[in-house]
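Q: Just passing along the structure, written as structure tokens.
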Amino acid sequence: MAVINHAKQEINAKLVFFGPPGSGKGDLFRYIHQRIKPSLCGPLKTMTAGNDTLLFFDYIPFESSSLNGYRIRFHLYTLTGPVTNPGTWKMTLKGVDGVVLVSDDGSAETVEALRQLRTIMSGYGRELLTLPRVWVRTGAGPSSGELTDCFSAAQSLVCERTGGSEVLQGVAQLSRQVLEQVRGEFDPARSAVVDQAPDRSLEQPAAELPRHPAGLQLPTQEVQLSLAGVTTLQIPLLLRGEGGERRYRLRIALELEPEEL
């Protein structure tokens, strides 16, 4: 799901290039990054995820692109080469807003990748057919019914393995789909404030800090004050922390002075 950063007035959406190894994901990914104006695009970065390699960058689709005054920023991710741990794909696809399926043809290997993608999205409680998606083919072989059922003719395109205007058109088409979906889901003025941090879904999660009960408990205390002299207010306290529980008694001396009318 897209993340809204009110401080920067940005809506951040996530696009993932998915596909079998050897399909050309890395080459197309680098080509797209090179073709985006530097003023609109962040640097191409590489991160090791276990034995797998993650590529990612972010870009603004259009200089004037905005939603109710909020600028749209896309964050693109892909894994290159053979993926040794299927869980790496699962973490990469977490919170995805749009998917590009990359394959060299409509072979059984591509169908298996499509099924893997469906399974991962189903694990997140999402249906692939409701997700913005584009199928980029670097070859023109025959397609199975399972692929054509998932991708309409308008969502399928053929391009050279090294890139070309077709893949740029595909990314632009996917961006428009995601923008339409975001437009229907979010009202930035009413959304909760969320600060966009670097995506760390592939890093080892930090150990959860222990949660202690409330550190200070104040029982109900009924106090009767005399109308003259000094009155002492006593309140029993129970303090809880990592060292255990300790009991105290809080004493407060009150001196009453009549208010002059």
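Each chain in the structure tokens gets a letter, A, B and so on, in the order shown; residues start at 1 in every chain, and ligands are counted from 1 in the order they appear.
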Could you give me, as a PyMOL selection string, the residues within 10 Å of segment 44-53 of chain A, counting only C-alpha atoms and dropping anything in the same chain fewer than 6 positions from it?
A: chain A and resi 29-30+33-34+76-86+88-89+92+201-204
Q: Limited to C-alpha atoms, could you put the picked residues into a file as a short mmCIF file (atom, residue, chain, number, x, y, z; two decimals), in the first residue's frame?
A:
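Saved the output as selection.cif:
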```cif
data_model
loop_
_atom_site.label_atom_id
_atom_site.label_comp_id
_atom_site.auth_asym_id
_atom_site.auth_seq_id
_atom_site.Cartn_x
_atom_site.Cartn_y
_atom_site.Cartn_z
CA PHE A 29 15.81 -2.15 -14.79
CA ARG A 30 19.13 -0.43 -15.50
CA HIS A 33 16.99 4.12 -14.69
CA GLN A 34 19.30 5.53 -17.38
CA LEU A 76 11.29 0.47 -7.94
CA TYR A 77 12.77 -2.88 -6.84
CA THR A 78 13.97 -6.09 -8.48
CA LEU A 79 16.12 -9.12 -7.72
CA THR A 80 18.73 -10.15 -10.27
CA GLY A 81 20.13 -13.55 -11.15
CA PRO A 82 19.02 -16.82 -9.56
CA VAL A 83 17.14 -16.17 -6.33
CA THR A 84 18.37 -18.72 -3.79
CA ASN A 85 15.80 -17.92 -1.11
CA PRO A 86 12.13 -17.65 -2.18
CA THR A 88 13.57 -12.83 -0.49
CA TRP A 89 10.96 -12.36 -3.22
CA THR A 92 10.57 -7.63 -1.76
CA SER A 201 12.04 -5.20 4.74
CA LEU A 202 14.99 -7.39 3.69
CA GLU A 203 17.10 -6.62 6.73
CA GLN A 204 17.07 -8.66 9.89
#
```
Q: Would you mind listing what lies within 9 Å of Leu93 of chain A as a list of chain:residue names, with only C-alpha atoms counted and same-chain residues fewer than 5 positions away left out?
A: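 Those residues are A:Lys14, A:Leu15, A:Val16, A:Phe18, A:Tyr77, A:Thr88, A:Val99, A:Leu117, A:Ile120, A:Met121.
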Q: If you run DSSP on the backbone here, which positions in segment 12-137 of chain A get alpha helix (DSSP H)? Please write them as a PDB file with N, CA and C atoms, in the first residue's frame.
A:
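Wrote result-v7.pdb, looks like this:
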```pdb
ATOM      1  N   LYS A  25      15.477  -9.012 -16.281  1.00  0.00           N
ATOM      2  CA  LYS A  25      14.967  -7.997 -15.349  1.00  0.00           C
ATOM      3  C   LYS A  25      16.020  -6.932 -15.051  1.00  0.00           C
ATOM      4  N   GLY A  26      17.252  -7.386 -14.746  1.00  0.00           N
ATOM      5  CA  GLY A  26      18.308  -6.441 -14.379  1.00  0.00           C
ATOM      6  C   GLY A  26      18.655  -5.497 -15.508  1.00  0.00           C
ATOM      7  N   ASP A  27      18.749  -6.022 -16.745  1.00  0.00           N
ATOM      8  CA  ASP A  27      19.085  -5.177 -17.893  1.00  0.00           C
ATOM      9  C   ASP A  27      18.011  -4.119 -18.129  1.00  0.00           C
ATOM     10  N   LEU A  28      16.749  -4.530 -18.090  1.00  0.00           N
ATOM     11  CA  LEU A  28      15.659  -3.580 -18.312  1.00  0.00           C
ATOM     12  C   LEU A  28      15.597  -2.564 -17.179  1.00  0.00           C
ATOM     13  N   PHE A  29      15.840  -3.021 -15.967  1.00  0.00           N
ATOM     14  CA  PHE A  29      15.806  -2.146 -14.795  1.00  0.00           C
ATOM     15  C   PHE A  29      16.845  -1.039 -14.942  1.00  0.00           C
ATOM     16  N   ARG A  30      18.054  -1.415 -15.326  1.00  0.00           N
ATOM     17  CA  ARG A  30      19.129  -0.427 -15.505  1.00  0.00           C
ATOM     18  C   ARG A  30      18.816   0.514 -16.673  1.00  0.00           C
ATOM     19  N   TYR A  31      18.236  -0.031 -17.734  1.00  0.00           N
ATOM     20  CA  TYR A  31      17.896   0.795 -18.895  1.00  0.00           C
ATOM     21  C   TYR A  31      16.873   1.869 -18.501  1.00  0.00           C
ATOM     22  N   ILE A  32      15.851   1.480 -17.743  1.00  0.00           N
ATOM     23  CA  ILE A  32      14.822   2.435 -17.310  1.00  0.00           C
ATOM     24  C   ILE A  32      15.454   3.534 -16.461  1.00  0.00           C
ATOM     25  N   HIS A  33      16.342   3.128 -15.548  1.00  0.00           N
ATOM     26  CA  HIS A  33      16.992   4.123 -14.691  1.00  0.00           C
ATOM     27  C   HIS A  33      17.795   5.114 -15.518  1.00  0.00           C
ATOM     28  N   GLN A  34      18.484   4.657 -16.547  1.00  0.00           N
ATOM     29  CA  GLN A  34      19.296   5.532 -17.383  1.00  0.00           C
ATOM     30  C   GLN A  34      18.454   6.500 -18.207  1.00  0.00           C
ATOM     31  N   ARG A  35      17.216   6.106 -18.515  1.00  0.00           N
ATOM     32  CA  ARG A  35      16.386   6.921 -19.398  1.00  0.00           C
ATOM     33  C   ARG A  35      15.565   7.982 -18.663  1.00  0.00           C
ATOM     34  N   PRO A  86      13.439 -18.172  -1.752  1.00  0.00           N
ATOM     35  CA  PRO A  86      12.132 -17.648  -2.175  1.00  0.00           C
ATOM     36  C   PRO A  86      11.574 -16.589  -1.234  1.00  0.00           C
ATOM     37  N   GLY A  87      11.991 -16.657   0.038  1.00  0.00           N
ATOM     38  CA  GLY A  87      11.516 -15.666   0.999  1.00  0.00           C
ATOM     39  C   GLY A  87      11.984 -14.261   0.667  1.00  0.00           C
ATOM     40  N   THR A  88      13.087 -14.149  -0.105  1.00  0.00           N
ATOM     41  CA  THR A  88      13.574 -12.830  -0.493  1.00  0.00           C
ATOM     42  C   THR A  88      12.580 -12.150  -1.430  1.00  0.00           C
ATOM     43  N   TRP A  89      12.008 -12.922  -2.355  1.00  0.00           N
ATOM     44  CA  TRP A  89      10.960 -12.362  -3.222  1.00  0.00           C
ATOM     45  C   TRP A  89       9.752 -11.945  -2.386  1.00  0.00           C
ATOM     46  N   LYS A  90       9.418 -12.759  -1.409  1.00  0.00           N
ATOM     47  CA  LYS A  90       8.263 -12.444  -0.578  1.00  0.00           C
ATOM     48  C   LYS A  90       8.440 -11.117   0.139  1.00  0.00           C
ATOM     49  N   MET A  91       9.626 -10.893   0.696  1.00  0.00           N
ATOM     50  CA  MET A  91       9.872  -9.643   1.406  1.00  0.00           C
ATOM     51  C   MET A  91       9.963  -8.465   0.436  1.00  0.00           C
ATOM     52  N   THR A  92      10.487  -8.701  -0.769  1.00  0.00           N
ATOM     53  CA  THR A  92      10.568  -7.631  -1.757  1.00  0.00           C
ATOM     54  C   THR A  92       9.181  -7.177  -2.194  1.00  0.00           C
ATOM     55  N   ALA A 108       6.728 -22.562 -19.819  1.00  0.00           N
ATOM     56  CA  ALA A 108       6.292 -23.139 -18.550  1.00  0.00           C
ATOM     57  C   ALA A 108       6.991 -22.469 -17.377  1.00  0.00           C
ATOM     58  N   GLU A 109       8.253 -22.038 -17.589  1.00  0.00           N
ATOM     59  CA  GLU A 109       8.983 -21.347 -16.521  1.00  0.00           C
ATOM     60  C   GLU A 109       8.306 -20.028 -16.169  1.00  0.00           C
ATOM     61  N   THR A 110       7.777 -19.326 -17.173  1.00  0.00           N
ATOM     62  CA  THR A 110       7.070 -18.065 -16.933  1.00  0.00           C
ATOM     63  C   THR A 110       5.757 -18.324 -16.199  1.00  0.00           C
ATOM     64  N   VAL A 111       5.059 -19.388 -16.600  1.00  0.00           N
ATOM     65  CA  VAL A 111       3.806 -19.746 -15.915  1.00  0.00           C
ATOM     66  C   VAL A 111       4.085 -20.069 -14.456  1.00  0.00           C
ATOM     67  N   GLU A 112       5.169 -20.766 -14.186  1.00  0.00           N
ATOM     68  CA  GLU A 112       5.534 -21.091 -12.808  1.00  0.00           C
ATOM     69  C   GLU A 112       5.844 -19.826 -12.014  1.00  0.00           C
ATOM     70  N   ALA A 113       6.510 -18.848 -12.649  1.00  0.00           N
ATOM     71  CA  ALA A 113       6.790 -17.579 -11.974  1.00  0.00           C
ATOM     72  C   ALA A 113       5.488 -16.850 -11.663  1.00  0.00           C
ATOM     73  N   LEU A 114       4.532 -16.899 -12.598  1.00  0.00           N
ATOM     74  CA  LEU A 114       3.231 -16.263 -12.364  1.00  0.00           C
ATOM     75  C   LEU A 114       2.531 -16.915 -11.178  1.00  0.00           C
ATOM     76  N   ARG A 115       2.597 -18.215 -11.096  1.00  0.00           N
ATOM     77  CA  ARG A 115       1.955 -18.914  -9.971  1.00  0.00           C
ATOM     78  C   ARG A 115       2.638 -18.562  -8.654  1.00  0.00           C
ATOM     79  N   GLN A 116       3.961 -18.462  -8.692  1.00  0.00           N
ATOM     80  CA  GLN A 116       4.689 -18.057  -7.485  1.00  0.00           C
ATOM     81  C   GLN A 116       4.272 -16.654  -7.054  1.00  0.00           C
ATOM     82  N   LEU A 117       4.128 -15.745  -8.024  1.00  0.00           N
ATOM     83  CA  LEU A 117       3.699 -14.383  -7.726  1.00  0.00           C
ATOM     84  C   LEU A 117       2.313 -14.376  -7.106  1.00  0.00           C
ATOM     85  N   ARG A 118       1.410 -15.165  -7.663  1.00  0.00           N
ATOM     86  CA  ARG A 118       0.051 -15.246  -7.105  1.00  0.00           C
ATOM     87  C   ARG A 118       0.069 -15.766  -5.678  1.00  0.00           C
ATOM     88  N   THR A 119       0.888 -16.791  -5.445  1.00  0.00           N
ATOM     89  CA  THR A 119       0.963 -17.381  -4.108  1.00  0.00           C
ATOM     90  C   THR A 119       1.479 -16.363  -3.088  1.00  0.00           C
ATOM     91  N   ILE A 120       2.501 -15.613  -3.466  1.00  0.00           N
ATOM     92  CA  ILE A 120       3.054 -14.609  -2.549  1.00  0.00           C
ATOM     93  C   ILE A 120       2.019 -13.541  -2.243  1.00  0.00           C
ATOM     94  N   MET A 121       1.339 -13.053  -3.262  1.00  0.00           N
ATOM     95  CA  MET A 121       0.341 -12.008  -3.036  1.00  0.00           C
ATOM     96  C   MET A 121      -0.828 -12.542  -2.214  1.00  0.00           C
ATOM     97  N   SER A 122      -1.207 -13.791  -2.455  1.00  0.00           N
ATOM     98  CA  SER A 122      -2.284 -14.395  -1.669  1.00  0.00           C
ATOM     99  C   SER A 122      -1.891 -14.484  -0.198  1.00  0.00           C
ATOM    100  N   GLY A 123      -0.600 -14.736   0.059  1.00  0.00           N
ATOM    101  CA  GLY A 123      -0.129 -14.779   1.441  1.00  0.00           C
ATOM    102  C   GLY A 123      -0.264 -13.449   2.143  1.00  0.00           C
TER     103      GLY A 123
END
```
Q: One decimal, Å: what's the distance from atom CA of Leu147 of chain A over to atom CA of Cys159 of chain A, could you say?
A: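 Atom CA of Cys159 of chain A lies 17.3 Å from atom CA of Leu147 of chain A.
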Q: Could you name the residues that touch Trp135 of chain A at 6 Å or less, counting only C-alpha atoms, but leaving out those on the same chain fewer than 2 positions away, as an mmCIF file with C-alpha atoms, in the first residue's frame?
A:
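The result, written out as part_32.cif:
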```cif
data_model
loop_
_atom_site.group_PDB
_atom_site.id
_atom_site.type_symbol
_atom_site.label_atom_id
_atom_site.label_comp_id
_atom_site.auth_asym_id
_atom_site.auth_seq_id
_atom_site.Cartn_x
_atom_site.Cartn_y
_atom_site.Cartn_z
ATOM 1 C CA VAL A 100 5.954 -5.817 -13.836
ATOM 2 C CA LEU A 101 6.249 -9.473 -14.842
ATOM 3 C CA SER A 156 1.226 -7.052 -22.420
#
```
Q: Give the strand (DSSP E) residues of segment 6-149 of chain A, as assigned by DSSP on the backbone, as a CSV table (one decimal) with C-alpha atoms, in the first residue's frame.
A:
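Result file is selection-v4.csv:
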```csv
chain,number,residue,atom,x,y,z
A,10,GLU,CA,4.6,13.0,-0.9
A,11,ILE,CA,2.8,9.8,-1.7
A,12,ASN,CA,5.3,6.9,-2.0
A,13,ALA,CA,4.3,3.9,-4.1
A,14,LYS,CA,6.2,0.7,-4.7
A,15,LEU,CA,6.7,-1.1,-8.0
A,16,VAL,CA,8.4,-4.5,-8.3
A,17,PHE,CA,9.9,-6.2,-11.4
A,18,PHE,CA,9.3,-9.9,-11.0
A,45,LYS,CA,21.5,1.2,-5.6
A,46,THR,CA,22.5,-2.4,-4.9
A,47,MET,CA,21.9,-4.3,-1.7
A,48,THR,CA,22.8,-7.8,-0.7
A,49,ALA,CA,19.9,-9.8,0.7
A,52,ASP,CA,20.6,-12.6,-3.5
A,53,THR,CA,21.1,-9.1,-5.0
A,54,LEU,CA,18.5,-6.4,-4.8
A,55,LEU,CA,18.5,-3.4,-7.2
A,56,PHE,CA,16.3,-0.3,-6.4
A,57,PHE,CA,15.9,3.4,-7.1
A,58,ASP,CA,13.1,6.0,-6.8
A,59,TYR,CA,11.8,8.5,-9.3
A,66,SER,CA,0.6,15.5,-8.0
A,67,LEU,CA,-2.5,14.4,-6.1
A,70,TYR,CA,1.0,15.8,-2.9
A,71,ARG,CA,3.9,14.8,-5.2
A,72,ILE,CA,4.0,11.2,-6.3
A,73,ARG,CA,7.2,9.2,-5.9
A,74,PHE,CA,7.7,5.7,-7.1
A,75,HIS,CA,10.2,3.2,-5.6
A,76,LEU,CA,11.3,0.5,-7.9
A,77,TYR,CA,12.8,-2.9,-6.8
A,78,THR,CA,14.0,-6.1,-8.5
A,79,LEU,CA,16.1,-9.1,-7.7
A,80,THR,CA,18.7,-10.1,-10.3
A,98,GLY,CA,2.2,-2.4,-8.9
A,99,VAL,CA,4.0,-5.4,-10.6
A,100,VAL,CA,6.0,-5.8,-13.8
A,101,LEU,CA,6.2,-9.5,-14.8
A,102,VAL,CA,9.4,-9.9,-17.0
A,103,SER,CA,9.9,-13.0,-19.1
A,133,ARG,CA,0.3,-5.1,-13.5
A,134,VAL,CA,2.1,-5.2,-16.8
A,135,TRP,CA,3.7,-8.2,-18.6
A,136,VAL,CA,7.0,-7.3,-20.4
A,137,ARG,CA,8.2,-10.0,-22.8
```
Q: Which residue out of A:Leu174, A:Val158, A:Asn68, A:Gly125 has the minimum interatomic distance to Gly95 of chain A when only C-alpha atoms are used?
A: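 Among the listed residues, A:Gly125 lies closest to Gly95 of chain A.
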Q: Using only C-alpha atoms, which protein or nucleic acid residues come within 10 Å of Ile36 of chain A? Drop anything in the same chain fewer than 6 positions from it, and give the result as a ChimeraX atom specification.
A: /A:42,59-61,168
